[in-house]
file final-v1.cif (mmCIF, C-alpha atoms and all ligand atoms)
data_work
#
loop_
_atom_site.label_atom_id
_atom_site.label_comp_id
_atom_site.auth_asym_id
_atom_site.auth_seq_id
_atom_site.Cartn_x
_atom_site.Cartn_y
_atom_site.Cartn_z
CA MET A 349 104.70 135.12 80.15
CA ASP A 350 106.79 134.90 76.99
CA ILE A 351 105.67 133.76 73.55
CA GLN A 352 107.14 130.29 74.00
CA GLN A 353 105.10 129.72 77.15
CA ASP A 354 101.97 131.05 75.49
CA ARG A 355 102.08 128.31 72.85
CA GLU A 356 99.42 125.64 73.26
CA THR A 357 101.01 122.20 73.28
CA VAL A 358 97.79 120.26 73.77
CA ARG A 359 94.18 121.32 73.14
CA LEU A 360 90.91 119.46 73.50
CA TRP A 361 87.66 120.65 71.92
CA SER A 362 84.36 119.24 73.20
CA VAL A 363 85.85 115.80 73.75
CA ARG A 364 83.38 113.06 74.61
CA ARG A 365 84.21 109.43 75.30
CA LEU A 366 81.30 107.07 75.72
CA TYR A 367 81.58 103.48 76.84
CA GLY A 368 79.06 100.66 76.80
CA THR A 369 76.12 99.80 74.59
CA ALA A 370 73.19 101.77 73.19
CA ALA A 371 71.05 100.50 76.08
CA HIS A 372 73.56 101.43 78.77
CA THR A 373 76.03 104.20 78.04
CA VAL A 374 78.66 105.58 80.41
CA LYS A 375 79.78 109.10 79.58
CA ALA A 376 83.39 108.89 80.79
CA LEU A 377 84.05 112.29 79.19
CA ASP A 378 81.09 114.54 78.49
CA GLY A 379 82.33 117.54 76.51
CA VAL A 380 85.77 118.49 77.80
CA SER A 381 87.51 121.53 76.31
CA ALA A 382 90.89 122.56 77.67
CA ALA A 383 94.21 124.02 76.55
CA PHE A 384 97.61 123.13 77.99
CA HIS A 385 100.34 125.71 77.39
CA ALA A 386 104.00 124.96 76.76
CA GLY A 387 106.17 125.04 79.85
CA THR A 388 103.37 124.52 82.35
CA LEU A 389 102.55 121.77 84.84
CA THR A 390 98.84 120.97 85.09
CA ALA A 391 97.29 118.64 87.65
CA VAL A 392 94.01 116.92 86.74
CA MET A 393 91.96 116.04 89.81
CA GLY A 394 88.50 114.69 90.52
CA PRO A 395 86.63 112.01 92.42
CA SER A 396 87.07 108.36 91.48
CA GLY A 397 85.24 107.67 88.22
CA SER A 398 85.19 111.34 87.16
CA GLY A 399 87.09 110.64 83.92
CA LYS A 400 90.70 111.50 84.82
CA SER A 401 92.29 108.40 83.29
CA THR A 402 90.05 108.59 80.23
CA LEU A 403 91.07 112.23 79.72
CA LEU A 404 94.75 111.32 79.98
CA HIS A 405 94.41 108.35 77.61
CA CYS A 406 92.50 110.38 74.99
CA ALA A 407 94.80 113.41 75.23
CA ALA A 408 97.87 111.17 74.87
CA GLY A 409 96.53 109.27 71.85
CA LEU A 410 96.21 105.98 73.73
CA ASP A 411 92.43 105.99 73.29
CA ARG A 412 90.18 107.68 70.73
CA PRO A 413 87.36 110.01 71.72
CA THR A 414 83.80 109.27 70.55
CA ASP A 415 83.69 112.83 69.27
CA GLY A 416 85.49 116.12 69.64
CA LYS A 417 88.97 117.10 68.56
CA ILE A 418 92.44 116.78 70.13
CA VAL A 419 95.56 118.52 68.85
CA ILE A 420 99.07 117.76 70.13
CA ASP A 421 101.88 120.05 69.01
CA GLY A 422 99.95 121.10 65.90
CA THR A 423 98.79 117.60 64.90
CA ASP A 424 95.09 116.71 64.89
CA LEU A 425 94.97 113.18 66.36
CA GLY A 426 91.75 112.51 64.44
CA SER A 427 93.68 112.80 61.16
CA LEU A 428 96.03 109.93 62.10
CA ASP A 429 95.53 106.22 61.48
CA GLU A 430 96.73 103.69 64.09
CA ASN A 431 100.24 103.71 62.69
CA GLY A 432 100.36 107.50 62.74
CA LEU A 433 99.12 107.57 66.33
CA THR A 434 101.79 105.07 67.39
CA LEU A 435 104.48 107.21 65.77
CA LEU A 436 103.16 110.37 67.39
CA ARG A 437 103.18 108.68 70.82
CA ARG A 438 106.75 107.50 70.29
CA GLN A 439 108.08 110.77 68.96
CA ARG A 440 106.10 113.58 70.60
CA VAL A 441 104.74 112.18 73.87
CA GLY A 442 106.37 110.91 77.07
CA PHE A 443 104.64 108.74 79.68
CA VAL A 444 105.23 108.21 83.38
CA PHE A 445 103.04 105.66 85.15
CA GLN A 446 102.28 104.94 88.79
CA ALA A 447 103.88 101.48 88.53
CA PHE A 448 107.05 102.77 86.76
CA ASN A 449 106.65 100.15 83.95
CA LEU A 450 110.38 99.63 83.44
CA VAL A 451 111.58 96.51 81.62
CA SER A 452 112.95 94.34 84.43
CA ALA A 453 115.54 92.52 82.31
CA LEU A 454 117.13 95.77 81.13
CA THR A 455 119.55 98.07 82.96
CA ALA A 456 118.67 101.70 83.69
CA GLU A 457 120.57 102.90 80.61
CA GLN A 458 118.98 100.23 78.40
CA ASN A 459 115.52 101.25 79.66
CA VAL A 460 116.24 104.91 78.89
CA ALA A 461 117.55 104.05 75.40
CA LEU A 462 114.46 101.98 74.58
CA PRO A 463 112.19 104.75 73.19
CA LEU A 464 114.95 105.84 70.79
CA ARG A 465 115.51 102.26 69.65
CA LEU A 466 111.76 101.77 69.16
CA ALA A 467 111.70 104.94 67.06
CA GLY A 468 114.58 103.56 64.96
CA ARG A 469 116.87 106.35 66.11
CA PRO A 470 120.43 106.06 67.40
CA ALA A 471 120.80 105.99 71.19
CA PRO A 472 124.19 107.63 71.85
CA PRO A 473 125.47 106.32 75.22
CA ALA A 474 126.58 109.84 76.22
CA GLU A 475 123.05 111.17 75.66
CA VAL A 476 121.50 108.31 77.64
CA ARG A 477 123.94 108.85 80.52
CA ALA A 478 123.31 112.59 80.48
CA ALA A 479 119.57 111.90 80.81
CA LEU A 480 120.23 109.67 83.83
CA ALA A 481 122.60 112.24 85.31
CA GLU A 482 119.84 114.85 84.96
CA VAL A 483 117.65 112.80 87.30
CA GLY A 484 120.54 112.23 89.72
CA LEU A 485 121.28 108.63 88.71
CA ALA A 486 124.71 108.91 87.07
CA ASP A 487 125.99 106.17 89.39
CA ARG A 488 123.11 103.76 88.69
CA VAL A 489 123.31 103.33 84.90
CA ARG A 490 124.11 99.60 85.05
CA HIS A 491 121.51 98.74 87.71
CA ARG A 492 118.42 96.76 86.85
CA PRO A 493 115.04 97.93 88.25
CA SER A 494 115.14 95.27 91.01
CA GLY A 495 118.33 96.88 92.34
CA LEU A 496 116.78 100.36 92.54
CA SER A 497 114.42 101.95 95.08
CA GLY A 498 110.91 102.99 93.99
CA GLY A 499 111.96 106.63 93.76
CA GLU A 500 115.01 105.71 91.68
CA GLN A 501 112.88 103.58 89.35
CA GLN A 502 110.50 106.47 88.82
CA ARG A 503 113.43 108.77 88.05
CA VAL A 504 114.64 106.26 85.43
CA ALA A 505 111.10 106.33 84.03
CA ILE A 506 111.27 110.15 83.85
CA ALA A 507 114.63 109.99 82.03
CA ARG A 508 113.11 107.44 79.64
CA ALA A 509 110.08 109.66 79.02
CA LEU A 510 112.32 112.64 78.21
CA ILE A 511 114.93 111.00 76.00
CA THR A 512 112.93 111.71 72.82
CA ARG A 513 112.44 115.39 73.87
CA PRO A 514 108.64 115.03 73.78
CA ALA A 515 106.33 118.00 73.31
CA VAL A 516 104.33 116.84 76.32
CA MET A 517 104.77 114.45 79.21
CA PHE A 518 101.74 112.70 80.69
CA ALA A 519 101.99 111.32 84.21
CA ASP A 520 99.31 109.10 85.79
CA GLU A 521 99.63 109.18 89.61
CA PRO A 522 103.44 109.40 89.32
CA THR A 523 103.94 109.34 93.10
CA GLY A 524 101.17 106.84 93.91
CA GLN A 525 103.64 104.15 94.95
CA LEU A 526 106.29 106.35 96.57
CA ASP A 527 106.93 107.41 100.15
CA MET A 528 106.88 111.08 101.04
CA LYS A 529 110.62 111.69 100.58
CA ALA A 530 110.79 110.00 97.18
CA SER A 531 107.55 111.76 96.14
CA ARG A 532 109.02 115.16 96.93
CA GLN A 533 112.14 114.33 94.96
CA VAL A 534 110.19 113.16 91.88
CA LEU A 535 107.79 116.14 92.00
CA GLY A 536 110.69 118.56 92.48
CA MET A 537 112.27 117.03 89.40
CA LEU A 538 109.12 117.47 87.31
CA ARG A 539 108.86 121.06 88.55
CA ASN A 540 112.48 121.71 87.47
CA LEU A 541 111.85 120.31 84.00
CA VAL A 542 108.95 122.70 83.60
CA ASP A 543 110.80 125.73 84.98
CA ASN A 544 114.23 125.16 83.41
CA GLN A 545 113.44 123.36 80.14
CA ALA A 546 109.90 124.60 79.45
CA GLN A 547 108.71 120.99 79.46
CA THR A 548 104.91 120.68 79.32
CA VAL A 549 103.56 118.21 81.90
CA ILE A 550 99.99 116.98 82.44
CA MET A 551 99.64 114.91 85.61
CA VAL A 552 96.65 113.01 86.97
CA THR A 553 96.56 112.72 90.74
CA HIS A 554 94.11 112.39 93.60
CA ASP A 555 96.62 113.79 96.11
CA PRO A 556 96.34 117.52 96.97
CA VAL A 557 100.01 117.70 98.03
CA THR A 558 101.07 116.34 94.63
CA ALA A 559 98.71 118.79 92.90
CA SER A 560 100.25 121.68 94.83
CA TYR A 561 103.38 121.38 92.66
CA ALA A 562 101.29 122.36 89.61
CA ASP A 563 100.76 125.80 88.07
CA ARG A 564 97.15 124.98 87.48
CA VAL A 565 94.60 122.42 88.61
CA LEU A 566 91.66 121.19 86.52
CA PHE A 567 88.84 119.59 88.49
CA LEU A 568 86.72 116.93 86.80
CA ALA A 569 83.35 115.60 87.95
CA ASP A 570 81.09 113.30 85.92
CA GLY A 571 83.24 113.66 82.83
CA ARG A 572 83.19 117.46 82.79
CA VAL A 573 85.60 120.19 83.83
CA VAL A 574 83.78 121.77 86.77
CA ASP A 575 86.48 124.06 88.15
CA GLU A 576 89.98 125.32 87.53
CA PHE A 577 92.57 126.94 89.79
CA THR A 578 95.14 129.04 87.94
CA SER A 579 96.53 130.70 91.04
CA GLY A 580 96.53 130.06 94.76
CA VAL A 581 97.26 126.37 94.18
CA THR A 582 98.06 125.01 97.64
CA ALA A 583 97.53 121.57 99.15
CA GLU A 584 94.91 123.13 101.47
CA SER A 585 92.90 124.94 98.77
CA VAL A 586 92.95 121.87 96.53
CA ALA A 587 91.94 119.54 99.39
CA ARG A 588 88.97 121.80 100.25
CA ARG A 589 87.72 121.85 96.65
CA MET A 590 88.15 118.07 96.37
CA ALA A 591 86.18 117.53 99.58
CA ASN A 592 83.28 119.58 98.10
CA LEU A 593 83.36 117.59 94.87
CA GLU A 594 83.42 114.28 96.71
CA GLU A 595 80.44 115.34 98.83
CA GLU A 596 78.56 116.34 95.67
CA ALA A 597 79.51 113.05 93.99
CA ALA A 598 78.16 111.17 97.02
CA GLY A 599 74.90 113.14 96.68
CA CYS A 600 75.19 115.03 99.96
N1 LIG A 701 86.89 100.60 79.22
C1 LIG A 701 85.81 101.03 79.88
N2 LIG A 701 84.60 100.44 79.69
C2 LIG A 701 83.50 100.88 80.33
N3 LIG A 701 83.48 101.91 81.19
C3 LIG A 701 84.65 102.55 81.42
C4 LIG A 701 85.87 102.15 80.79
N4 LIG A 701 86.87 102.98 81.21
C5 LIG A 701 86.30 103.84 82.08
N5 LIG A 701 84.97 103.59 82.18
C6 LIG A 701 84.03 104.34 83.03
O1 LIG A 701 84.17 105.73 82.73
C7 LIG A 701 84.11 106.51 83.92
C8 LIG A 701 85.40 107.31 84.08
O2 LIG A 701 86.47 106.40 84.33
P1 LIG A 701 87.99 106.86 84.59
O3 LIG A 701 88.41 107.75 83.48
O4 LIG A 701 88.79 105.65 84.83
O5 LIG A 701 87.84 107.71 85.94
P2 LIG A 701 88.96 108.13 87.01
O6 LIG A 701 90.29 107.90 86.41
O7 LIG A 701 88.66 109.57 87.32
O8 LIG A 701 88.71 107.28 88.23
C9 LIG A 701 83.83 105.54 85.05
O9 LIG A 701 82.44 105.49 85.27
C10 LIG A 701 84.34 104.23 84.52
O10 LIG A 701 83.66 103.16 85.11
MG MG A 702 91.83 106.61 87.01
#

call {"tool": "encode", "arguments": {"input": "final-v1.cif", "output": "structure tokens", "more": "lines below"}}
Ligand SMILES: Nc1ncnc2c1ncn2[C@@H]1O[C@H](COP(=O)(O)OP(=O)(O)O)[C@@H](O)[C@H]1O
Ligand SMILES: [Mg+2]
result
Amino acid sequence: MDIQQDRETVRLWSVRRLYGTAAHTVKALDGVSAAFHAGTLTAVMGPSGSGKSTLLHCAAGLDRPTDGKIVIDGTDLGSLDENGLTLLRRQRVGFVFQAFNLVSALTAEQNVALPLRLAGRPAPPAEVRAALAEVGLADRVRHRPSGLSGGEQQRVAIARALITRPAVMFADEPTGQLDMKASRQVLGMLRNLVDNQAQTVIMVTHDPVTASYADRVLFLADGRVVDEFTSGVTAESVARRMANLEEEAAGC
């Protein structure tokens, strides 16, 4: 592992996120500490309600923890006001969602240019087209989302997430709405970004096959990290561990 890969892009210290009232509190995150190194793909797994989405939202600066500390690319999120957080999300973070979240009235190239425009930066057409070519969509730049397949829409979303060269990309169930062939393509693309461009990716999924593309799997249960695989990540090993956790969650 070289020095670049050893750099921590995201770190959480004892992060808690409570919801509800004093009388009835839900501990969505109950003391999560974790580091995410540059140029790695991490899958976050756990039973429904274990805190996966809350972890992603807090780590990405979309939600604030009740306590604990989160650092992205050297910046302590707790030191930022709302405006600062918005800027950090626009400039340092990329997002890919299950439902693609493209703007339906805009073409593929206009969707990809959007984060640069929002950040008040120029969006050189050549750069936007290169980003679309990177995800295999050079011949789709003028298509609107309705004229693209699900897999193509998700690849536009990946190009859009990468156009600002973010320190970290967060993906929430990125293949949840795709068939097996399109899923493989999208996951292969994420894997390539990690291997060839040292992109850091943190992906929430409940699917062991999706998780098997990761270097490392973090398992959550009841708002805590209860296990971690850093080697031997296969769909089978992940499925077995998930089955245990789901049995425990069901009180078996
Ligand atoms: N906005 C909210 N208000 C109240 N409870 C919430 C809220 N968001 C999440 N929770 C609760 O926090 C826990 C973790 O939720 P979540 O992070 O969505 O889990 P997962 O993504 O693993 O299914 C659940 O018990 C959920 O009901
Ligand atoms: Mg969720």

call {"tool": "residues_around", "arguments": {"input": "final-v1.cif", "residues": "range 561-564 of chain A", "least_positions_apart": "4", "cutoff": "9 Å", "atoms": "all atoms listed in the file", "output": "ChimeraX atom specification"}}
result
/A:388-392,535-536,538-539,551,557,576-583

call {"tool": "residues_near_ligand", "arguments": {"input": "final-v1.cif", "ligand": "ligand MG 702 (chain A)", "cutoff": "7 Å", "atoms": "only C-alpha atoms and all ligand atoms", "output": "list in words"}}
result
Ser396, Gly397, Gly399, Lys400 and Ser401 of chain A

call {"tool": "residues_near_ligand", "arguments": {"input": "final-v1.cif", "ligand": "ligand LIG 701 (chain A)", "cutoff": "12 Å", "atoms": "all atoms listed in the file", "output": "JSON, numbers by chain"}}
result
{"A": [364, 365, 366, 367, 368, 369, 372, 373, 374, 375, 376, 377, 378, 392, 393, 394, 395, 396, 397, 398, 399, 400, 401, 402, 403, 404, 405, 406, 407, 411, 412, 413, 520, 521, 551, 552, 553, 554, 567, 568, 569, 570, 571, 572, 573, 594, 597]}

call {"tool": "residues_around", "arguments": {"input": "final-v1.cif", "residues": "Asn431 in chain A", "least_positions_apart": "6", "cutoff": "12 Å", "atoms": "all atoms listed in the file", "output": "MDAnalysis selection string"}}
result
chainID A and resid 409:410 425 437:438

call {"tool": "residues_around", "arguments": {"input": "final-v1.cif", "residues": "Val444 in chain A", "least_positions_apart": "2", "cutoff": "8 Å", "atoms": "all atoms listed in the file", "output": "VMD selection string"}}
result
chain A and resid 442 446 448 502 505 to 506 509 517 to 520 522

call {"tool": "atom_distance", "arguments": {"input": "final-v1.cif", "atom1": "CA of Pro556 in chain A", "atom2": "CA of Glu584 in chain A"}}
result
7.3 Å

call {"tool": "residues_around", "arguments": {"input": "final-v1.cif", "residues": "range 482-485 of chain A", "least_positions_apart": "3", "cutoff": "7 Å", "atoms": "all atoms listed in the file", "output": "list in words"}}
result
Ala478, Ala479, Arg488, Val489, Arg503 and Ala507 of chain A

call {"tool": "closest_residue", "arguments": {"input": "final-v1.cif", "among": "A:Ala474, A:Leu436, A:Asp429, A:Gln501", "to": "Asn449 in chain A", "atoms": "all atoms listed in the file"}}
result
A:Gln501

call {"tool": "closest_residue", "arguments": {"input": "final-v1.cif", "among": "A:Thr512, A:Ser381, A:Gln545, A:Ser362", "to": "Leu435 in chain A", "atoms": "only C-alpha atoms"}}
result
A:Thr512

call {"tool": "closest_residue", "arguments": {"input": "final-v1.cif", "among": "A:Val419, A:Ala530, A:Ala386, A:Ala461", "to": "Asp543 in chain A", "atoms": "all atoms listed in the file"}}
result
A:Ala386

call {"tool": "atom_distance", "arguments": {"input": "final-v1.cif", "atom1": "CA of Ser494 in chain A", "atom2": "CA of Leu462 in chain A"}}
result
17.8 Å

call {"tool": "closest_residue", "arguments": {"input": "final-v1.cif", "among": "A:Leu454, A:Val565, A:Ala598, A:Leu541", "to": "Gly495 in chain A", "atoms": "only C-alpha atoms"}}
result
A:Leu454

call {"tool": "atom_distance", "arguments": {"input": "final-v1.cif", "atom1": "CA of Ser560 in chain A", "atom2": "CA of Asn544 in chain A"}}
result
18.4 Å

call {"tool": "axis_aligned_box", "arguments": {"input": "final-v1.cif", "around": "range 524-539 of chain A", "padding_each_side": "5 Å", "output": "AutoDock Vina command-line options"}}
result
--center_x 106.7 --center_y 112.6 --center_z 94.2 --size_x 21.1 --size_y 26.9 --size_z 23.7
